[in-house]
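Asker: Hey, dropping model16.cif in here, mmCIF, C-alpha atoms:
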data_run
loop_
_atom_site.label_atom_id
_atom_site.label_comp_id
_atom_site.auth_asym_id
_atom_site.auth_seq_id
_atom_site.Cartn_x
_atom_site.Cartn_y
_atom_site.Cartn_z
CA SER A 7 105.51 -0.93 129.50
CA SER A 8 102.23 0.76 130.38
CA ILE A 9 99.15 0.19 132.48
CA ILE A 10 97.11 1.92 129.79
CA LYS A 11 98.46 2.68 126.33
CA ILE A 12 96.55 4.44 123.57
CA ALA A 13 98.00 4.53 120.06
CA GLY A 14 96.43 6.11 117.01
CA THR A 15 97.13 7.59 113.60
CA LEU A 16 95.51 10.78 112.34
CA THR A 17 95.50 11.69 108.65
CA ALA A 18 92.79 14.36 108.70
CA THR A 19 93.56 17.72 107.08
CA GLY A 20 90.81 19.69 108.79
CA GLY A 21 88.94 20.00 112.04
CA GLY A 22 90.36 19.04 115.41
CA PHE A 23 91.28 15.82 117.17
CA HIS A 24 91.86 14.85 120.80
CA GLY A 25 93.65 11.69 121.93
CA ILE A 26 91.96 12.03 125.33
CA TYR A 27 89.26 14.61 126.05
CA GLU A 28 87.79 15.20 129.51
CA ASN A 29 85.09 17.79 130.14
CA ILE A 30 83.83 18.36 133.70
CA ALA A 31 81.13 20.88 134.60
CA THR A 32 81.30 21.96 138.24
CA SER A 33 78.56 24.03 139.88
CA GLY A 34 78.94 23.21 143.56
CA ALA A 35 79.93 26.04 145.90
CA PHE A 36 82.93 24.68 147.77
CA ASP A 37 83.31 26.27 151.19
CA THR A 38 86.51 24.69 152.53
CA ASP A 39 90.07 25.53 151.50
CA GLY A 40 91.77 22.60 149.78
CA GLU A 41 88.58 21.11 148.39
CA GLY A 42 87.72 21.38 144.71
CA VAL A 43 88.04 19.72 141.32
CA ILE A 44 91.03 18.36 139.39
CA ALA A 45 90.48 17.23 135.81
CA ILE A 46 93.64 15.10 135.62
CA LYS A 47 95.99 14.17 138.46
CA GLY A 48 99.13 12.06 138.26
CA VAL A 49 101.20 11.11 141.31
CA VAL A 50 104.37 9.02 141.34
CA VAL A 51 105.81 8.09 144.76
CA ASN A 52 109.39 6.81 144.93
CA SER A 53 110.28 4.80 148.05
CA VAL A 54 113.84 3.62 147.34
CA ALA A 55 117.31 5.20 147.15
CA LEU A 56 118.21 5.76 143.49
CA THR A 57 121.65 5.99 141.91
CA ASP A 58 120.37 6.56 138.38
CA GLY A 59 117.19 6.95 136.36
CA GLU A 60 114.44 9.56 136.49
CA VAL A 61 111.05 9.92 138.14
CA TYR A 62 108.57 12.16 136.31
CA GLY A 63 105.18 13.26 137.56
CA ALA A 64 104.19 13.92 133.95
CA GLN A 65 105.86 14.33 130.58
CA PHE A 66 104.43 15.99 127.46
CA ILE A 67 106.18 15.95 124.09
CA ALA A 68 105.13 17.54 120.81
CA LYS A 69 107.51 16.24 118.15
CA HIS A 70 107.98 17.29 114.53
CA ALA A 71 109.38 14.24 112.71
CA SER A 72 109.34 15.27 109.07
CA THR A 73 111.72 16.70 106.49
CA GLY A 74 108.90 19.09 105.56
CA THR A 75 108.69 22.55 107.09
CA MET A 76 106.17 23.71 109.67
CA LEU A 77 105.69 27.36 108.78
CA ALA A 78 105.82 30.16 111.35
CA THR A 79 102.01 30.31 111.27
CA ALA A 80 101.88 26.73 112.60
CA SER A 81 102.90 25.99 116.20
CA LEU A 82 104.61 23.03 117.87
CA ILE A 83 103.84 23.35 121.60
CA GLY A 84 104.96 20.79 124.16
CA LEU A 85 102.57 21.90 126.90
CA GLU A 86 99.92 24.61 127.19
CA ALA A 87 98.09 25.62 130.36
CA TRP A 88 95.49 28.36 130.74
CA ALA A 89 93.43 29.80 133.57
CA TYR A 90 90.49 31.30 131.71
CA ILE A 91 87.83 33.79 132.86
CA SER A 92 85.03 33.69 130.26
CA SER A 93 82.26 35.71 131.94
CA SER A 94 81.80 39.01 133.77
CA GLY A 95 82.32 37.57 137.24
CA PRO A 96 85.89 37.96 138.50
CA ALA A 97 88.03 35.11 139.78
CA ARG A 98 90.25 37.00 142.19
CA THR A 99 93.18 34.59 142.19
CA VAL A 100 94.04 33.30 138.70
CA ILE A 101 97.22 31.34 137.95
CA GLY A 102 97.97 29.92 134.51
CA ALA A 103 100.58 27.44 135.75
CA ASN A 104 101.44 26.72 139.38
CA LEU A 105 104.89 25.14 139.63
CA GLY A 106 107.04 24.68 142.69
CA TRP A 107 108.92 22.42 145.03
CA HIS A 108 108.53 21.47 148.71
CA ASN A 109 111.45 20.16 150.76
CA GLU A 110 111.27 18.28 154.08
CA CYS A 111 114.63 16.51 153.85
CA SER A 112 116.46 16.24 157.19
CA GLY A 113 119.57 14.62 155.73
CA ALA A 114 122.67 16.34 154.38
CA TYR A 115 122.73 17.31 150.70
CA GLY A 116 126.02 16.69 148.92
CA ALA A 117 127.99 19.15 146.80
CA GLY A 118 126.27 20.06 143.55
CA SER A 119 122.76 19.44 144.87
CA VAL A 120 120.07 21.32 142.96
CA ILE A 121 116.40 22.16 143.55
CA ARG A 122 114.76 24.30 140.86
CA GLY A 123 111.15 25.43 140.60
CA ILE A 124 111.42 25.76 136.82
CA GLN A 125 114.15 24.49 134.54
CA VAL A 126 114.23 25.56 130.90
CA ILE A 127 116.63 23.60 128.71
CA CYS A 128 117.68 25.28 125.45
CA ASP A 129 119.38 22.88 123.07
CA ASN A 130 120.39 23.82 119.54
CA ALA A 131 122.19 20.58 118.67
CA ALA A 132 125.68 20.84 117.18
CA GLY A 133 125.40 21.63 113.51
CA ALA A 134 121.68 22.38 113.75
CA GLU A 135 120.17 25.29 111.88
CA VAL A 136 118.98 27.99 114.26
CA PRO A 137 115.87 30.21 114.02
CA VAL A 138 115.81 33.99 113.81
CA GLU A 139 114.95 34.09 117.54
CA SER A 140 115.83 31.55 120.22
CA THR A 141 114.70 32.49 123.73
CA GLY A 142 114.77 30.72 127.08
CA ILE A 143 111.68 32.47 128.50
CA CYS A 144 109.34 34.86 126.69
CA ILE A 145 106.84 36.98 128.65
CA TRP A 146 104.31 38.25 126.11
CA ASN A 147 101.95 41.15 126.82
CA GLN A 148 99.31 40.13 124.31
CA ALA A 149 96.71 42.73 125.29
CA GLY A 150 95.92 45.33 127.91
CA ALA A 151 98.01 46.91 130.64
CA ILE A 152 99.99 44.40 132.73
CA THR A 153 101.49 45.51 136.05
CA ASN A 154 104.71 43.48 136.16
CA VAL A 155 106.92 41.39 133.91
CA LEU A 156 108.26 39.66 137.03
CA LYS A 157 107.21 39.81 140.68
CA VAL A 158 109.38 38.57 143.56
CA VAL A 159 107.55 37.89 146.85
CA ASN A 160 109.62 37.33 150.00
CA SER A 161 108.46 35.23 152.94
CA GLY A 162 110.56 33.60 155.63
CA THR A 163 114.20 34.55 155.11
CA GLY A 164 113.68 35.59 151.48
CA PHE A 165 116.07 35.13 148.58
CA THR A 166 119.85 35.48 148.77
CA TYR A 167 120.33 36.70 145.18
CA PHE A 168 118.04 38.07 142.50
CA CYS A 169 120.08 36.35 139.76
CA ASP A 170 123.13 34.11 139.54
CA PHE A 171 125.23 34.72 136.42
CA THR A 172 128.43 33.19 135.12
CA ASP A 173 131.13 35.87 135.25
CA ASP A 174 132.19 35.68 131.60
CA GLY A 175 130.54 38.63 129.86
CA ALA A 176 127.79 36.47 128.32
CA PRO A 177 125.62 38.09 129.52
CA ALA A 178 127.16 39.35 132.78
CA GLN A 179 130.53 40.69 133.88
CA SER A 180 131.57 41.54 137.45
CA THR A 181 134.23 44.12 136.49
CA GLY A 182 134.52 46.93 133.98
CA THR A 183 133.78 50.64 133.42
CA ARG A 184 130.69 52.10 131.79
CA THR A 185 130.52 55.84 131.24
CA THR A 186 127.93 56.71 128.62
CA GLU A 187 124.39 56.30 129.87
CA SER A 188 122.03 55.46 127.02
CA GLY A 189 118.76 54.35 128.63
CA TRP A 190 117.24 52.57 131.57
CA ILE A 191 115.01 49.73 132.79
CA LYS A 192 112.17 50.76 135.11
CA ILE A 193 111.59 48.67 138.25
CA LEU A 194 109.51 48.94 141.43
CA VAL A 195 111.18 48.24 144.78
CA GLY A 196 108.51 48.18 147.47
CA THR A 197 106.58 51.34 146.61
CA ALA A 198 109.58 53.18 145.11
CA VAL A 199 110.07 53.45 141.35
CA ARG A 200 113.72 52.97 140.46
CA TYR A 201 115.79 52.65 137.27
CA ILE A 202 118.65 50.40 136.14
CA ARG A 203 121.03 52.33 133.90
CA LEU A 204 121.95 51.10 130.44
CA TYR A 205 125.17 51.95 128.65
CA THR A 206 126.31 51.92 125.03
CA THR A 207 129.96 51.09 125.78
#
Would you encode the structure as structure tokens?
Answerer:
Amino acid sequence: SSIIKIAGTLTATGGGFHGIYENIATSGAFDTDGEGVIAIKGVVVNSVALTDGEVYGAQFIAKHASTGTMLATASLIGLEAWAYISSSGPARTVIGANLGWHNECSGAYGAGSVIRGIQVICDNAAGAEVPVESTGICIWNQAGAITNVLKVVNSGTGFTYFCDFTDDGAPAQSTGTRTTESGWIKILVGTAVRYIRLYTT
């Protein structure tokens, strides 16, 4: 069931189409932190203890439901977000997607409790054909010099671990001997440039 439901069928072979299009021009000079403009905002507030079910703030699905092939030059994208500077004036803080979680729980979490800022689910169904590349996260330097692939910022007590891997050799192993250095990965720790060694065997 829906409060508002929009259904349509598009058979065009050219041009562009929007199910919902919102265009807001803002020219006011906001002078207080926290004030501003939001094109679309969705808030769901749950006020009951749940034993099952899901609560989503938003869900976006792009689905290919055809026996025909979408070529590599065509894209199926579930969600796209851009922060776009289109003139000479700089915007000094620019974030393409701002995702996070905030916790004020004073109760006790049980075993297996999970809070994740981003969860990427990779699911090649059993028996499914797989593409040449299948990647959980791709960071793409499309143009220009980019400072970091990943930046970790500590505040408060910081992070306990940089990564948490399963100790099974795919892709990490806690024991073993590597003797033949064959390259490195360059990282910056504070202001010091350091290298992670790579090995062939």
Asker: When the PyMOL selection byres ((chain A and resi 184) around 7) is applied to the file above, which residues end up in the set, as a PyMOL selection string?
Answerer: chain A and resi 182-183+185-186+205+207
Asker: Extract, using all atoms listed in the file, all DNA, RNA and protein residues at most 9 Å from region 79-88 of chain A, discarding same-chain residues fewer than 2 positions from it, and format them as a PDB file with C-alpha atoms, in the coordinates of the input.
Answerer:
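Output file selection_14.pdb is given in full below:
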ATOM      1  CA  PHE A  66     104.430  15.990 127.460  1.00  0.00           C
ATOM      2  CA  ILE A  67     106.180  15.950 124.090  1.00  0.00           C
ATOM      3  CA  ALA A  68     105.130  17.540 120.810  1.00  0.00           C
ATOM      4  CA  LYS A  69     107.510  16.240 118.150  1.00  0.00           C
ATOM      5  CA  HIS A  70     107.980  17.290 114.530  1.00  0.00           C
ATOM      6  CA  MET A  76     106.170  23.710 109.670  1.00  0.00           C
ATOM      7  CA  LEU A  77     105.690  27.360 108.780  1.00  0.00           C
ATOM      8  CA  TYR A  90      90.490  31.300 131.710  1.00  0.00           C
ATOM      9  CA  ILE A 101      97.220  31.340 137.950  1.00  0.00           C
ATOM     10  CA  GLY A 102      97.970  29.920 134.510  1.00  0.00           C
ATOM     11  CA  ALA A 103     100.580  27.440 135.750  1.00  0.00           C
TER      12      ALA A 103
END
Asker: Enter the distance from CA of Ile191 (chain A) to CA of Phe171 (chain A), in Å, rounded to one decimal.
Answerer: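 Interatomic distance, CA of Ile191 (chain A) to CA of Phe171 (chain A): 18.5 Å.
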Asker: Given the file shown, determine the residues that the PyMOL selection byres ((chain A and resi 41-52) around 12) selects; report them as a list in words.
Answerer: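 Against this file, the PyMOL selection byres ((chain A and resi 41-52) around 12) returns the residues Ile26, Tyr27, Glu28, Asn29, Ile30, Ala31, Thr32, Ser33, Gly34, Ala35, Phe36, Asp37, Thr38, Asp39, Gly40, Ser53, Val54, Ala55, Leu56, Gly59, Glu60, Val61, Tyr62, Gly63, Ala64 and Gln65 of chain A.
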Asker: Grab the CA of Val159 (chain A) to CA of Val100 (chain A) distance for me, in Å with one decimal place.
Answerer: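 Computed distance, CA of Val159 (chain A) to CA of Val100 (chain A), equals 16.4 Å.
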Asker: What's the separation between CA of Ile143 (chain A) and CA of Arg203 (chain A), in Å to one decimal place?
Answerer: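 Going from CA of Ile143 (chain A) over to CA of Arg203 (chain A), I get 22.6 Å.
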Asker: Might you spell out which residues the PyMOL selection byres ((chain A and resi 202) around 10) would select in the displayed file, as a list of chain:residue names?
Answerer: A:Gly189, A:Trp190, A:Ile191, A:Lys192, A:Ile193, A:Arg200, A:Tyr201, A:Arg203, A:Leu204
Asker: Next, write the just-selected residues to a file, as an mmCIF file, in the coordinates of the input, keeping C-alpha atoms as the atom set.
Answerer:
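Generated file (again13.cif):
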data_model
loop_
_atom_site.group_PDB
_atom_site.id
_atom_site.type_symbol
_atom_site.label_atom_id
_atom_site.label_comp_id
_atom_site.auth_asym_id
_atom_site.auth_seq_id
_atom_site.Cartn_x
_atom_site.Cartn_y
_atom_site.Cartn_z
ATOM 1 C CA GLY A 189 118.760 54.350 128.630
ATOM 2 C CA TRP A 190 117.240 52.570 131.570
ATOM 3 C CA ILE A 191 115.010 49.730 132.790
ATOM 4 C CA LYS A 192 112.170 50.760 135.110
ATOM 5 C CA ILE A 193 111.590 48.670 138.250
ATOM 6 C CA ARG A 200 113.720 52.970 140.460
ATOM 7 C CA TYR A 201 115.790 52.650 137.270
ATOM 8 C CA ARG A 203 121.030 52.330 133.900
ATOM 9 C CA LEU A 204 121.950 51.100 130.440
#
Asker: When distances are computed from only C-alpha atoms, which of A:Ala176, A:Thr73, A:Thr206, A:Phe23 shows the smallest separation from Ser188 (chain A)?
Answerer: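 Among A:Ala176, A:Thr73, A:Thr206, A:Phe23, it is A:Thr206 that comes nearest to Ser188 (chain A).
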Asker: Quick one: residues within 12 Å of Trp146 (chain A), only C-alpha atoms, excluding same-chain residues fewer than 5 positions away - as a ChimeraX atom specification?
Answerer: /A:151-152,154-156
Asker: For region 101-125 of chain A, supply N, CA, C and O atoms and format the output as a tab-separated table (two decimals), in the coordinates of the input.
Answerer:
chain	number	residue	atom	x	y	z
A	101	ILE	N	95.84	31.75	138.21
A	101	ILE	CA	97.22	31.34	137.95
A	101	ILE	C	97.21	30.40	136.75
A	101	ILE	O	96.57	29.35	136.79
A	102	GLY	N	97.93	30.76	135.71
A	102	GLY	CA	97.97	29.92	134.51
A	102	GLY	C	98.70	28.61	134.73
A	102	GLY	O	98.26	27.57	134.28
A	103	ALA	N	99.82	28.65	135.43
A	103	ALA	CA	100.58	27.44	135.75
A	103	ALA	C	101.18	27.62	137.13
A	103	ALA	O	101.83	28.62	137.40
A	104	ASN	N	100.95	26.66	138.00
A	104	ASN	CA	101.44	26.72	139.38
A	104	ASN	C	102.51	25.65	139.53
A	104	ASN	O	102.21	24.46	139.57
A	105	LEU	N	103.77	26.06	139.58
A	105	LEU	CA	104.89	25.14	139.63
A	105	LEU	C	105.73	25.44	140.86
A	105	LEU	O	105.96	26.60	141.19
A	106	GLY	N	106.22	24.43	141.51
A	106	GLY	CA	107.04	24.68	142.69
A	106	GLY	C	107.65	23.42	143.24
A	106	GLY	O	107.49	22.34	142.69
A	107	TRP	N	108.38	23.57	144.33
A	107	TRP	CA	108.92	22.42	145.03
A	107	TRP	C	108.76	22.61	146.54
A	107	TRP	O	108.68	23.72	147.04
A	108	HIS	N	108.71	21.48	147.25
A	108	HIS	CA	108.53	21.47	148.71
A	108	HIS	C	109.56	20.51	149.28
A	108	HIS	O	109.66	19.37	148.85
A	109	ASN	N	110.34	20.95	150.25
A	109	ASN	CA	111.45	20.16	150.76
A	109	ASN	C	111.30	19.91	152.25
A	109	ASN	O	111.20	20.85	153.03
A	110	GLU	N	111.29	18.64	152.66
A	110	GLU	CA	111.27	18.28	154.08
A	110	GLU	C	112.44	17.38	154.44
A	110	GLU	O	112.41	16.70	155.46
A	111	CYS	N	113.48	17.37	153.62
A	111	CYS	CA	114.63	16.51	153.85
A	111	CYS	C	115.37	16.93	155.13
A	111	CYS	O	115.66	18.11	155.33
A	112	SER	N	115.69	15.96	155.98
A	112	SER	CA	116.46	16.24	157.19
A	112	SER	C	117.89	15.75	157.07
A	112	SER	O	118.69	15.94	157.98
A	113	GLY	N	118.21	15.09	155.95
A	113	GLY	CA	119.57	14.62	155.73
A	113	GLY	C	120.44	15.71	155.13
A	113	GLY	O	119.99	16.83	154.88
A	114	ALA	N	121.72	15.38	154.92
A	114	ALA	CA	122.67	16.34	154.38
A	114	ALA	C	122.75	16.20	152.87
A	114	ALA	O	122.98	15.11	152.35
A	115	TYR	N	122.56	17.31	152.15
A	115	TYR	CA	122.73	17.31	150.70
A	115	TYR	C	124.22	17.38	150.37
A	115	TYR	O	124.97	18.11	151.00
A	116	GLY	N	124.64	16.66	149.35
A	116	GLY	CA	126.02	16.69	148.92
A	116	GLY	C	126.31	17.88	148.03
A	116	GLY	O	125.40	18.62	147.63
A	117	ALA	N	127.58	18.06	147.69
A	117	ALA	CA	127.99	19.15	146.80
A	117	ALA	C	127.33	18.99	145.44
A	117	ALA	O	127.19	17.88	144.94
A	118	GLY	N	126.91	20.10	144.86
A	118	GLY	CA	126.27	20.06	143.55
A	118	GLY	C	124.80	19.76	143.59
A	118	GLY	O	124.17	19.59	142.54
A	119	SER	N	124.20	19.70	144.76
A	119	SER	CA	122.76	19.44	144.87
A	119	SER	C	121.97	20.60	144.29
A	119	SER	O	122.35	21.76	144.43
A	120	VAL	N	120.85	20.29	143.65
A	120	VAL	CA	120.07	21.32	142.96
A	120	VAL	C	118.59	21.09	143.21
A	120	VAL	O	118.10	19.96	143.11
A	121	ILE	N	117.86	22.15	143.56
A	121	ILE	CA	116.40	22.16	143.55
A	121	ILE	C	115.99	23.38	142.74
A	121	ILE	O	116.41	24.50	143.05
A	122	ARG	N	115.18	23.19	141.71
A	122	ARG	CA	114.76	24.30	140.86
A	122	ARG	C	113.25	24.24	140.66
A	122	ARG	O	112.72	23.19	140.34
A	123	GLY	N	112.59	25.37	140.84
A	123	GLY	CA	111.15	25.43	140.60
A	123	GLY	C	110.81	25.26	139.13
A	123	GLY	O	109.86	24.58	138.78
A	124	ILE	N	111.59	25.88	138.27
A	124	ILE	CA	111.42	25.76	136.82
A	124	ILE	C	112.79	25.59	136.19
A	124	ILE	O	113.71	26.35	136.51
A	125	GLN	N	112.92	24.64	135.31
A	125	GLN	CA	114.15	24.49	134.54
A	125	GLN	C	113.80	24.53	133.06
A	125	GLN	O	112.96	23.76	132.60
